[in-house]
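Here is the file protein-v1.pdb (PDB, C-alpha atoms).
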ATOM      1  CA  MET A 233      30.995 103.378 -13.148
ATOM      2  CA  GLY A 234      31.985 107.005 -12.715
ATOM      3  CA  ASN A 235      35.738 106.403 -12.504
ATOM      4  CA  THR A 236      38.813 106.417 -14.788
ATOM      5  CA  SER A 237      41.485 103.847 -13.895
ATOM      6  CA  CYS A 238      44.832 102.507 -15.025
ATOM      7  CA  VAL A 239      47.206 100.086 -13.430
ATOM      8  CA  PHE A 240      48.530 102.459 -10.760
ATOM      9  CA  CYS A 241      45.894 105.247 -10.365
ATOM     10  CA  THR A 242      42.140 105.766 -10.328
ATOM     11  CA  CYS A 243      40.026 108.932 -10.427
ATOM     12  CA  VAL A 244      36.823 108.887  -8.374
ATOM     13  CA  LYS A 245      34.388 111.564  -9.575
ATOM     14  CA  GLN A 246      32.435 113.938  -7.387
ATOM     15  CA  GLY A 247      29.207 112.444  -5.976
ATOM     16  CA  ASN A 248      30.752 108.977  -5.788
ATOM     17  CA  ILE A 249      32.779 107.038  -3.276
ATOM     18  CA  GLY A 250      35.150 104.158  -3.960
ATOM     19  CA  VAL A 251      35.705 100.918  -2.075
ATOM     20  CA  VAL A 252      39.343  99.836  -1.881
ATOM     21  CA  GLU A 253      40.371  96.229  -1.165
ATOM     22  CA  ARG A 254      43.674  94.573  -0.495
ATOM     23  CA  PHE A 255      43.930  90.923  -1.506
ATOM     24  CA  GLY A 256      40.107  90.668  -1.530
ATOM     25  CA  ARG A 257      39.648  92.243   1.894
ATOM     26  CA  PHE A 258      38.134  95.678   2.533
ATOM     27  CA  GLU A 259      40.774  98.235   3.335
ATOM     28  CA  LYS A 260      39.309 101.763   3.064
ATOM     29  CA  LEU A 261      36.932 104.148   1.281
ATOM     30  CA  ALA A 262      38.194 106.371  -1.520
ATOM     31  CA  GLU A 263      36.866 109.918  -1.503
ATOM     32  CA  PRO A 264      36.367 111.816  -4.802
ATOM     33  CA  GLY A 265      39.683 112.645  -6.432
ATOM     34  CA  LEU A 266      42.820 110.912  -7.744
ATOM     35  CA  HIS A 267      44.040 107.804  -5.921
ATOM     36  CA  ILE A 268      47.214 105.802  -6.517
ATOM     37  CA  PHE A 269      47.209 102.065  -5.846
ATOM     38  CA  ASN A 270      49.929  99.445  -5.642
ATOM     39  CA  PRO A 271      48.660  96.407  -7.513
ATOM     40  CA  PHE A 272      51.782  94.458  -6.609
ATOM     41  CA  ALA A 273      50.750  94.699  -2.959
ATOM     42  CA  GLY A 274      47.246  93.451  -3.810
ATOM     43  CA  GLN A 275      45.621  96.899  -3.557
ATOM     44  CA  TYR A 276      42.902  97.791  -6.043
ATOM     45  CA  LEU A 277      39.539  99.575  -6.426
ATOM     46  CA  ALA A 278      36.760  97.013  -5.881
ATOM     47  CA  GLY A 279      33.859  99.260  -6.841
ATOM     48  CA  ILE A 280      32.265 102.682  -6.741
ATOM     49  CA  LEU A 281      28.967 103.717  -5.133
ATOM     50  CA  SER A 282      26.976 106.855  -5.911
ATOM     51  CA  THR A 283      26.203 109.107  -2.941
ATOM     52  CA  ARG A 284      23.521 111.007  -4.834
ATOM     53  CA  ILE A 285      19.864 110.675  -3.863
ATOM     54  CA  SER A 286      18.157 107.873  -5.768
ATOM     55  CA  SER A 287      14.417 107.538  -6.331
ATOM     56  CA  LEU A 288      12.467 104.299  -6.359
ATOM     57  CA  ASP A 289       8.769 104.051  -7.286
ATOM     58  CA  VAL A 290       6.866 101.207  -5.666
ATOM     59  CA  ARG A 291       3.329 100.195  -6.668
ATOM     60  CA  ILE A 292       1.512  98.225  -3.969
ATOM     61  CA  GLU A 293      -1.892  96.548  -4.214
ATOM     62  CA  THR A 294      -3.655  95.898  -0.936
ATOM     63  CA  LYS A 295      -7.086  95.889   0.718
ATOM     64  CA  THR A 296      -8.589  98.378   3.145
ATOM     65  CA  LYS A 297     -10.607  97.645   6.272
ATOM     66  CA  ASP A 298     -13.895  98.084   4.387
ATOM     67  CA  ASN A 299     -12.820  95.462   1.794
ATOM     68  CA  VAL A 300     -11.846  97.817  -1.023
ATOM     69  CA  PHE A 301      -8.843  96.883  -3.153
ATOM     70  CA  VAL A 302      -6.552  99.842  -3.828
ATOM     71  CA  GLN A 303      -3.209 100.471  -5.457
ATOM     72  CA  LEU A 304      -0.759 102.775  -3.713
ATOM     73  CA  LEU A 305       2.098 104.424  -5.554
ATOM     74  CA  CYS A 306       5.007 105.289  -3.223
ATOM     75  CA  SER A 307       8.109 107.216  -4.167
ATOM     76  CA  ILE A 308      11.119 106.405  -1.938
ATOM     77  CA  GLN A 309      14.145 108.697  -2.022
ATOM     78  CA  TYR A 310      17.292 107.193  -0.481
ATOM     79  CA  ARG A 311      21.052 107.532  -0.602
ATOM     80  CA  VAL A 312      24.244 105.808   0.513
ATOM     81  CA  VAL A 313      25.690 107.081   3.806
ATOM     82  CA  LYS A 314      29.355 107.920   3.142
ATOM     83  CA  ALA A 315      30.538 106.753   6.527
ATOM     84  CA  HIS A 316      28.956 103.349   6.018
ATOM     85  CA  ALA A 317      29.460 102.930   2.304
ATOM     86  CA  ASP A 318      31.286  99.660   2.927
ATOM     87  CA  ASP A 319      28.125  98.206   4.540
ATOM     88  CA  ALA A 320      26.064  99.325   1.552
ATOM     89  CA  PHE A 321      28.592  97.730  -0.803
ATOM     90  CA  TYR A 322      28.945  94.390   0.958
ATOM     91  CA  GLU A 323      25.649  93.827   2.800
ATOM     92  CA  LEU A 324      23.000  94.433   0.109
ATOM     93  CA  GLN A 325      23.336  92.944  -3.314
ATOM     94  CA  ASN A 326      20.153  94.544  -4.714
ATOM     95  CA  PRO A 327      19.039  97.505  -2.555
ATOM     96  CA  ASP A 328      16.047  98.369  -4.727
ATOM     97  CA  GLU A 329      14.493  94.962  -4.268
ATOM     98  CA  GLN A 330      15.180  94.988  -0.539
ATOM     99  CA  ILE A 331      13.590  98.431  -0.097
ATOM    100  CA  ARG A 332      10.611  97.385  -2.202
ATOM    101  CA  ALA A 333      10.080  94.301  -0.046
ATOM    102  CA  TYR A 334      10.154  96.279   3.202
ATOM    103  CA  VAL A 335       7.716  98.873   1.827
ATOM    104  CA  PHE A 336       5.327  96.080   0.788
ATOM    105  CA  ASP A 337       5.506  94.594   4.280
ATOM    106  CA  VAL A 338       4.814  97.854   6.144
ATOM    107  CA  VAL A 339       2.028  99.112   3.864
ATOM    108  CA  ARG A 340       0.193  95.775   3.771
ATOM    109  CA  ALA A 341       0.317  95.653   7.578
ATOM    110  CA  LEU A 342      -1.007  99.211   8.061
ATOM    111  CA  VAL A 343      -3.564  99.874   5.296
ATOM    112  CA  PRO A 344      -5.879  96.890   6.100
ATOM    113  CA  ARG A 345      -6.595  98.571   9.442
ATOM    114  CA  MET A 346      -7.934 101.737   7.762
ATOM    115  CA  ASN A 347     -11.128 102.513   5.852
ATOM    116  CA  LEU A 348     -10.854 103.902   2.341
ATOM    117  CA  ASP A 349     -11.911 107.417   3.354
ATOM    118  CA  ASP A 350      -9.417 107.379   6.242
ATOM    119  CA  LEU A 351      -6.689 106.256   3.870
ATOM    120  CA  PHE A 352      -7.244 109.272   1.617
ATOM    121  CA  GLU A 353      -7.266 111.616   4.608
ATOM    122  CA  GLN A 354      -4.266 110.052   6.368
ATOM    123  CA  LYS A 355      -1.958 109.099   3.505
ATOM    124  CA  GLY A 356       0.702 111.281   5.095
ATOM    125  CA  GLU A 357       0.518 109.143   8.223
ATOM    126  CA  VAL A 358       1.032 106.026   6.105
ATOM    127  CA  ALA A 359       4.120 107.561   4.493
ATOM    128  CA  LYS A 360       5.428 108.537   7.929
ATOM    129  CA  ALA A 361       4.974 104.999   9.269
ATOM    130  CA  VAL A 362       6.780 103.539   6.252
ATOM    131  CA  LEU A 363       9.629 106.034   6.719
ATOM    132  CA  GLU A 364      10.067 105.127  10.391
ATOM    133  CA  GLU A 365      10.028 101.350   9.875
ATOM    134  CA  LEU A 366      12.101 101.389   6.708
ATOM    135  CA  GLY A 367      14.627 103.823   8.179
ATOM    136  CA  LYS A 368      15.316 101.485  11.111
ATOM    137  CA  VAL A 369      15.947  98.457   8.928
ATOM    138  CA  ILE A 370      17.705  99.945   5.935
ATOM    139  CA  GLY A 371      19.953 102.126   8.089
ATOM    140  CA  GLU A 372      21.781  98.999   9.258
ATOM    141  CA  TYR A 373      22.938  98.400   5.692
ATOM    142  CA  GLY A 374      24.508 101.807   5.104
ATOM    143  CA  TYR A 375      21.524 103.492   3.451
ATOM    144  CA  SER A 376      19.541 106.540   4.559
ATOM    145  CA  ILE A 377      15.890 107.091   3.646
ATOM    146  CA  GLU A 378      15.462 110.787   2.869
ATOM    147  CA  HIS A 379      11.775 111.053   1.945
ATOM    148  CA  ILE A 380       8.785 108.852   1.272
ATOM    149  CA  LEU A 381       5.925 110.311  -0.726
ATOM    150  CA  MET A 382       2.516 108.692  -1.111
ATOM    151  CA  VAL A 383       2.080 109.833  -4.692
ATOM    152  CA  ASP A 384      -1.286 108.306  -5.537
ATOM    153  CA  ILE A 385      -4.087 106.123  -4.182
ATOM    154  CA  ILE A 386      -6.007 104.311  -6.923
ATOM    155  CA  PRO A 387      -9.160 102.405  -5.909
ATOM    156  CA  ASP A 388     -10.842  99.856  -8.143
ATOM    157  CA  PRO A 389     -12.658 101.559 -11.095
ATOM    158  CA  ALA A 390     -16.053 100.288  -9.890
ATOM    159  CA  VAL A 391     -15.393 101.784  -6.446
ATOM    160  CA  ARG A 392     -14.391 105.131  -7.951
ATOM    161  CA  THR A 393     -17.587 105.184 -10.009
ATOM    162  CA  ALA A 394     -19.670 104.427  -6.907
ATOM    163  CA  MET A 395     -17.883 107.144  -4.909
ATOM    164  CA  ASN A 396     -18.540 109.688  -7.661
ATOM    165  CA  GLU A 397     -22.217 108.706  -7.783
ATOM    166  CA  ILE A 398     -22.527 109.068  -4.005
ATOM    167  CA  ASN A 399     -20.912 112.483  -4.138
ATOM    168  CA  ALA A 400     -23.164 113.552  -7.021
ATOM    169  CA  ALA A 401     -26.284 112.360  -5.152
ATOM    170  CA  GLN A 402     -25.271 114.284  -2.025
ATOM    171  CA  ARG A 403     -24.699 117.440  -4.025
ATOM    172  CA  LEU A 404     -28.060 117.066  -5.803
ATOM    173  CA  GLN A 405     -29.767 116.614  -2.435
ATOM    174  CA  LEU A 406     -28.086 119.726  -1.076
ATOM    175  CA  ALA A 407     -29.012 121.649  -4.230
ATOM    176  CA  SER A 408     -32.655 120.575  -3.817
ATOM    177  CA  VAL A 409     -32.661 121.883  -0.249
ATOM    178  CA  TYR A 410     -31.266 125.245  -1.336
ATOM    179  CA  LYS A 411     -33.704 125.412  -4.239
ATOM    180  CA  GLY A 412     -36.664 124.707  -1.918
ATOM    181  CA  GLU A 413     -35.529 127.402   0.495
ATOM    182  CA  ALA A 414     -35.175 129.880  -2.360
ATOM    183  CA  GLU A 415     -38.670 129.081  -3.661
ATOM    184  CA  LYS A 416     -40.048 129.450  -0.130
ATOM    185  CA  VAL A 417     -38.463 132.883   0.268
ATOM    186  CA  LEU A 418     -39.715 133.891  -3.172
ATOM    187  CA  GLN A 419     -43.296 132.853  -2.377
ATOM    188  CA  VAL A 420     -43.217 134.674   0.962
ATOM    189  CA  LYS A 421     -41.922 137.836  -0.670
ATOM    190  CA  ARG A 422     -44.509 137.537  -3.436
ATOM    191  CA  ALA A 423     -47.299 137.162  -0.865
ATOM    192  CA  GLU A 424     -45.987 140.140   1.120
ATOM    193  CA  ALA A 425     -45.832 142.239  -2.047
ATOM    194  CA  GLU A 426     -49.353 141.220  -3.025
ATOM    195  CA  ALA A 427     -50.685 142.071   0.438
ATOM    196  CA  GLU A 428     -48.940 145.435   0.391
ATOM    197  CA  SER A 429     -50.257 146.091  -3.111
ATOM    198  CA  LYS A 430     -53.830 145.300  -2.064
ATOM    199  CA  TYR A 431     -53.508 147.484   1.017
ATOM    200  CA  LEU A 432     -52.203 150.426  -0.989
ATOM    201  CA  GLY A 433     -54.873 149.818  -3.627
ATOM    202  CA  GLY A 434     -57.554 149.932  -0.943
ATOM    203  CA  VAL A 435     -56.130 153.146   0.470
ATOM    204  CA  GLY A 436     -56.064 154.635  -3.029
ATOM    205  CA  VAL A 437     -59.681 153.661  -3.715
ATOM    206  CA  ALA A 438     -60.775 155.081  -0.350
ATOM    207  CA  ARG A 439     -59.013 158.371  -1.063
ATOM    208  CA  GLN A 440     -60.472 158.473  -4.568
ATOM    209  CA  ARG A 441     -63.962 157.998  -3.228
ATOM    210  CA  GLN A 442     -63.355 160.617  -0.550
ATOM    211  CA  ALA A 443     -62.213 163.056  -3.222
ATOM    212  CA  ILE A 444     -65.339 162.300  -5.262
ATOM    213  CA  THR A 445     -67.492 162.810  -2.178
ATOM    214  CA  ASP A 446     -65.817 166.142  -1.392
ATOM    215  CA  GLY A 447     -66.257 167.304  -4.985
ATOM    216  CA  LEU A 448     -69.911 166.324  -5.079
ATOM    217  CA  ARG A 449     -70.514 168.055  -1.774
ATOM    218  CA  GLU A 450     -69.047 171.297  -3.100
ATOM    219  CA  ASN A 451     -71.053 171.029  -6.316
ATOM    220  CA  ILE A 452     -74.283 170.393  -4.421
ATOM    221  CA  LEU A 453     -73.750 173.319  -2.059
ATOM    222  CA  ASP A 454     -72.794 175.648  -4.896
ATOM    223  CA  PHE A 455     -75.788 174.599  -7.034
ATOM    224  CA  SER A 456     -78.222 174.930  -4.103
ATOM    225  CA  HIS A 457     -77.096 178.475  -3.370
ATOM    226  CA  LYS A 458     -77.292 179.594  -7.012
ATOM    227  CA  VAL A 459     -80.636 177.940  -7.890
ATOM    228  CA  GLU A 460     -83.393 178.817  -5.465
ATOM    229  CA  GLY A 461     -86.029 176.257  -4.555
ATOM    230  CA  THR A 462     -83.820 173.179  -5.073
ATOM    231  CA  SER A 463     -82.951 170.766  -2.342
ATOM    232  CA  ALA A 464     -79.673 168.976  -1.876
ATOM    233  CA  LYS A 465     -81.297 165.624  -2.722
ATOM    234  CA  GLU A 466     -82.579 166.886  -6.050
ATOM    235  CA  VAL A 467     -79.176 168.267  -6.972
ATOM    236  CA  MET A 468     -77.594 164.974  -5.977
ATOM    237  CA  ASP A 469     -79.992 163.011  -8.173
ATOM    238  CA  LEU A 470     -79.277 165.334 -11.090
ATOM    239  CA  ILE A 471     -75.504 164.907 -10.722
ATOM    240  CA  MET A 472     -75.810 161.122 -10.437
ATOM    241  CA  ILE A 473     -77.943 160.899 -13.560
ATOM    242  CA  THR A 474     -75.441 163.101 -15.436
ATOM    243  CA  GLN A 475     -72.551 160.891 -14.406
ATOM    244  CA  TYR A 476     -74.565 157.810 -15.361
ATOM    245  CA  PHE A 477     -75.074 159.069 -18.900
ATOM    246  CA  ASP A 478     -71.413 160.128 -19.119
ATOM    247  CA  THR A 479     -70.399 156.583 -18.190
ATOM    248  CA  ILE A 480     -72.644 155.098 -20.892
ATOM    249  CA  LYS A 481     -71.135 157.513 -23.375
ATOM    250  CA  ASP A 482     -67.555 156.506 -22.400
ATOM    251  CA  LEU A 483     -68.436 152.846 -22.798
ATOM    252  CA  GLY A 484     -69.792 153.447 -26.250
ATOM    253  CA  ASN A 485     -66.755 155.476 -27.359
ATOM    254  CA  SER A 486     -64.246 152.922 -26.114
ATOM    255  CA  SER A 487     -62.774 150.902 -29.009
ATOM    256  CA  LYS A 488     -61.822 147.999 -26.732
ATOM    257  CA  ASN A 489     -65.424 147.094 -25.877
ATOM    258  CA  THR A 490     -67.719 145.087 -28.087
ATOM    259  CA  THR A 491     -71.207 144.742 -26.646
ATOM    260  CA  VAL A 492     -72.389 145.834 -23.197
ATOM    261  CA  PHE A 493     -75.904 145.056 -21.919
ATOM    262  CA  ILE A 494     -77.149 147.638 -19.404
ATOM    263  CA  PRO A 495     -80.698 147.648 -17.935
ATOM    264  CA  HIS A 496     -82.157 151.062 -18.629
ATOM    265  CA  GLY A 497     -85.332 152.813 -17.489
ATOM    266  CA  PRO A 498     -86.628 155.476 -15.054
ATOM    267  CA  GLY A 499     -86.726 152.999 -12.191
ATOM    268  CA  HIS A 500     -83.234 151.809 -12.894
ATOM    269  CA  VAL A 501     -81.920 155.370 -12.931
ATOM    270  CA  ARG A 502     -83.407 155.907  -9.473
ATOM    271  CA  ASP A 503     -81.905 152.660  -8.219
ATOM    272  CA  ILE A 504     -78.507 153.664  -9.608
ATOM    273  CA  GLY A 505     -78.696 156.982  -7.787
ATOM    274  CA  GLU A 506     -79.437 155.223  -4.517
ATOM    275  CA  GLN A 507     -76.537 152.773  -5.117
ATOM    276  CA  ILE A 508     -74.110 155.623  -5.789
ATOM    277  CA  ARG A 509     -75.187 157.453  -2.637
ATOM    278  CA  ASN A 510     -74.705 154.297  -0.591
ATOM    279  CA  GLY A 511     -71.254 153.828  -2.142
ATOM    280  CA  LEU A 512     -70.237 157.360  -1.248
ATOM    281  CA  MET A 513     -71.391 156.874   2.316
ATOM    282  CA  GLU A 514     -69.345 153.644   2.549
ATOM    283  CA  ALA A 515     -66.325 155.470   1.126
ATOM    284  CA  SER A 516     -66.569 158.131   3.790
ATOM    285  CA  THR A 517     -66.774 155.474   6.495
ATOM    286  CA  ALA A 518     -63.736 153.627   5.069
ATOM    287  CA  GLN A 519     -61.714 156.834   4.956
ATOM    288  CA  ILE A 520     -62.467 157.513   8.617
ATOM    289  CA  ASN A 521     -61.345 153.935   9.531
ATOM    290  CA  VAL A 522     -58.134 154.305   7.555
ATOM    291  CA  GLU A 523     -57.187 157.559   9.224
TER
END
Show this structure as structure tokens.
Amino acid sequence: MGNTSCVFCTCVKQGNIGVVERFGRFEKLAEPGLHIFNPFAGQYLAGILSTRISSLDVRIETKTKDNVFVQLLCSIQYRVVKAHADDAFYELQNPDEQIRAYVFDVVRALVPRMNLDDLFEQKGEVAKAVLEELGKVIGEYGYSIEHILMVDIIPDPAVRTAMNEINAAQRLQLASVYKGEAEKVLQVKRAEAEAESKYLGGVGVARQRQAITDGLRENILDFSHKVEGTSAKEVMDLIMITQYFDTIKDLGNSSKNTTVFIPHGPGHVRDIGEQIRNGLMEASTAQINVE
């Protein structure tokens, strides 16, 4: 493989190394290039090894500490050491199978001492342990382990489904907590807004009533000065009765109202005047308290 030979010469291509024997005994290593042999002296090329990096994928099924069966896919990258190519040629007949066996032994000794979650978090540590153990053993046979990658960890399908359900339940629980906090903040803000609205509404009503009181006071004083012989109480009663009839008129003209029952009579008019006066007095008191 990778060489061109005739009776007296052989060409070893770049990236390969040849093993030369004399009468069935190892003699030397042939570097890439043209080599001339003497077949009459028993010298010949016994074989050629590639010095390029080779990749071997190993699938291992084992059990974790918490009794979960998993499959681990390891990718081992190795190469022949040029200086010890003769050991690689003569010592190992099938290097792939030997490497696979050692990887099985190391992984199945390490993973059963780890929980599934720890295995996912520390898969780099598993690859490192395999590299150290495998490098010690395989190095004696003329091979060098360059890299070991833990490509994938595949739990049983039922375990994966359970893990996904646990994760989904945790996320739903966390979402419920956030949703409850958001609703709490919303209710607090709504209550604060309602309280502020009521407070401002009360202040507005108090100011409105104060303005009405000030206007009535000016009207009463002006009417008393212009019409002789009238008292402030009489003017007040007259204004209240006028406003009462204006209110009835507005109710009747409003298109949004249907039927309104209002008790009406001389006594009721007097009672309404007294109620309005009491309301104005309460408005004045509220305005003083607000200020």
For Glu253 (chain A): contacts at 7 Å, only C-alpha atoms, fewer than 5 positions along chain excluded, given as JSON, numbers by chain: {"A": [258, 259, 275, 276, 277, 278]}
Selection under test: the PyMOL selection byres ((chain A and resi 356) around 12); residues as a ChimeraX atom specification: /A:306,350-355,357-363,379-385
Long-range neighbours of His316 (chain A) as a list in words, 10 Å cut-off, all atoms listed in the file, 3 positions minimum in chain: Leu261, Val312, Val313, Asp319, Ala320, Phe321, Gly371, Glu372, Tyr373, Gly374 and Tyr375 of chain A
Could you save the residues just selected, with C-alpha atoms, as a tab-separated table (two decimals), keeping the file's coordinate frame?
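The file below, out_10.tsv, is the result:
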chain	number	residue	atom	x	y	z
A	261	LEU	CA	36.93	104.15	1.28
A	312	VAL	CA	24.24	105.81	0.51
A	313	VAL	CA	25.69	107.08	3.81
A	319	ASP	CA	28.12	98.21	4.54
A	320	ALA	CA	26.06	99.32	1.55
A	321	PHE	CA	28.59	97.73	-0.80
A	371	GLY	CA	19.95	102.13	8.09
A	372	GLU	CA	21.78	99.00	9.26
A	373	TYR	CA	22.94	98.40	5.69
A	374	GLY	CA	24.51	101.81	5.10
A	375	TYR	CA	21.52	103.49	3.45
Pairwise distance for CA of Gly279 (chain A) and CA of Val252 (chain A), rounded to one decimal in Å: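 So the answer is 7.4 Å.
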Atom pair CA of Ile249 (chain A) / CA of Glu263 (chain A): separation (Å): 5.3 Å
Point-to-point distance in Å for CA of Val251 (chain A) and CA of Ile377 (chain A):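 Rounded to one decimal, the two atoms are 21.5 Å apart.
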Output check: residues returned by the PyMOL selection byres ((chain A and resi 272) around 12), as a list in words: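 Residues picked by the PyMOL selection byres ((chain A and resi 272) around 12): Val239, Phe240, Arg254, Phe255, Phe269, Asn270, Pro271, Ala273, Gly274, Gln275 and Tyr276 of chain A.
Of the residues listed (A:Arg439, A:Arg332, A:Arg422, A:Lys297), A:Arg332 shows the shortest atom-to-atom separation from Tyr310 (chain A); distances use only C-alpha atoms.
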Selected residue, from A:Ser376, A:His267, A:Arg257, A:Lys421, that lies nearest to Arg284 (chain A) when counting only C-alpha atoms: A:Ser376
Proximity to Gly247 (chain A) - best of A:Gln303, A:Lys295, A:Gly433, A:Arg311, all atoms listed in the file: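 Ranking A:Gln303, A:Lys295, A:Gly433, A:Arg311 by distance to Gly247 (chain A), first place goes to A:Arg311.
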Explicit residue set for the PyMOL selection byres ((chain A and resi 301) around 9), as a list in words: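 With the PyMOL selection byres ((chain A and resi 301) around 9) on this model, the match is Glu293, Thr294, Lys295, Thr296, Asn299, Val300, Val302, Gln303, Ile386, Pro387, Asp388 and Val391 of chain A.
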Minimum-distance residue to Asp349 (chain A), chosen among A:Cys241, A:Asp298, A:Ser408, A:Leu288 (using all atoms listed in the file): A:Asp298
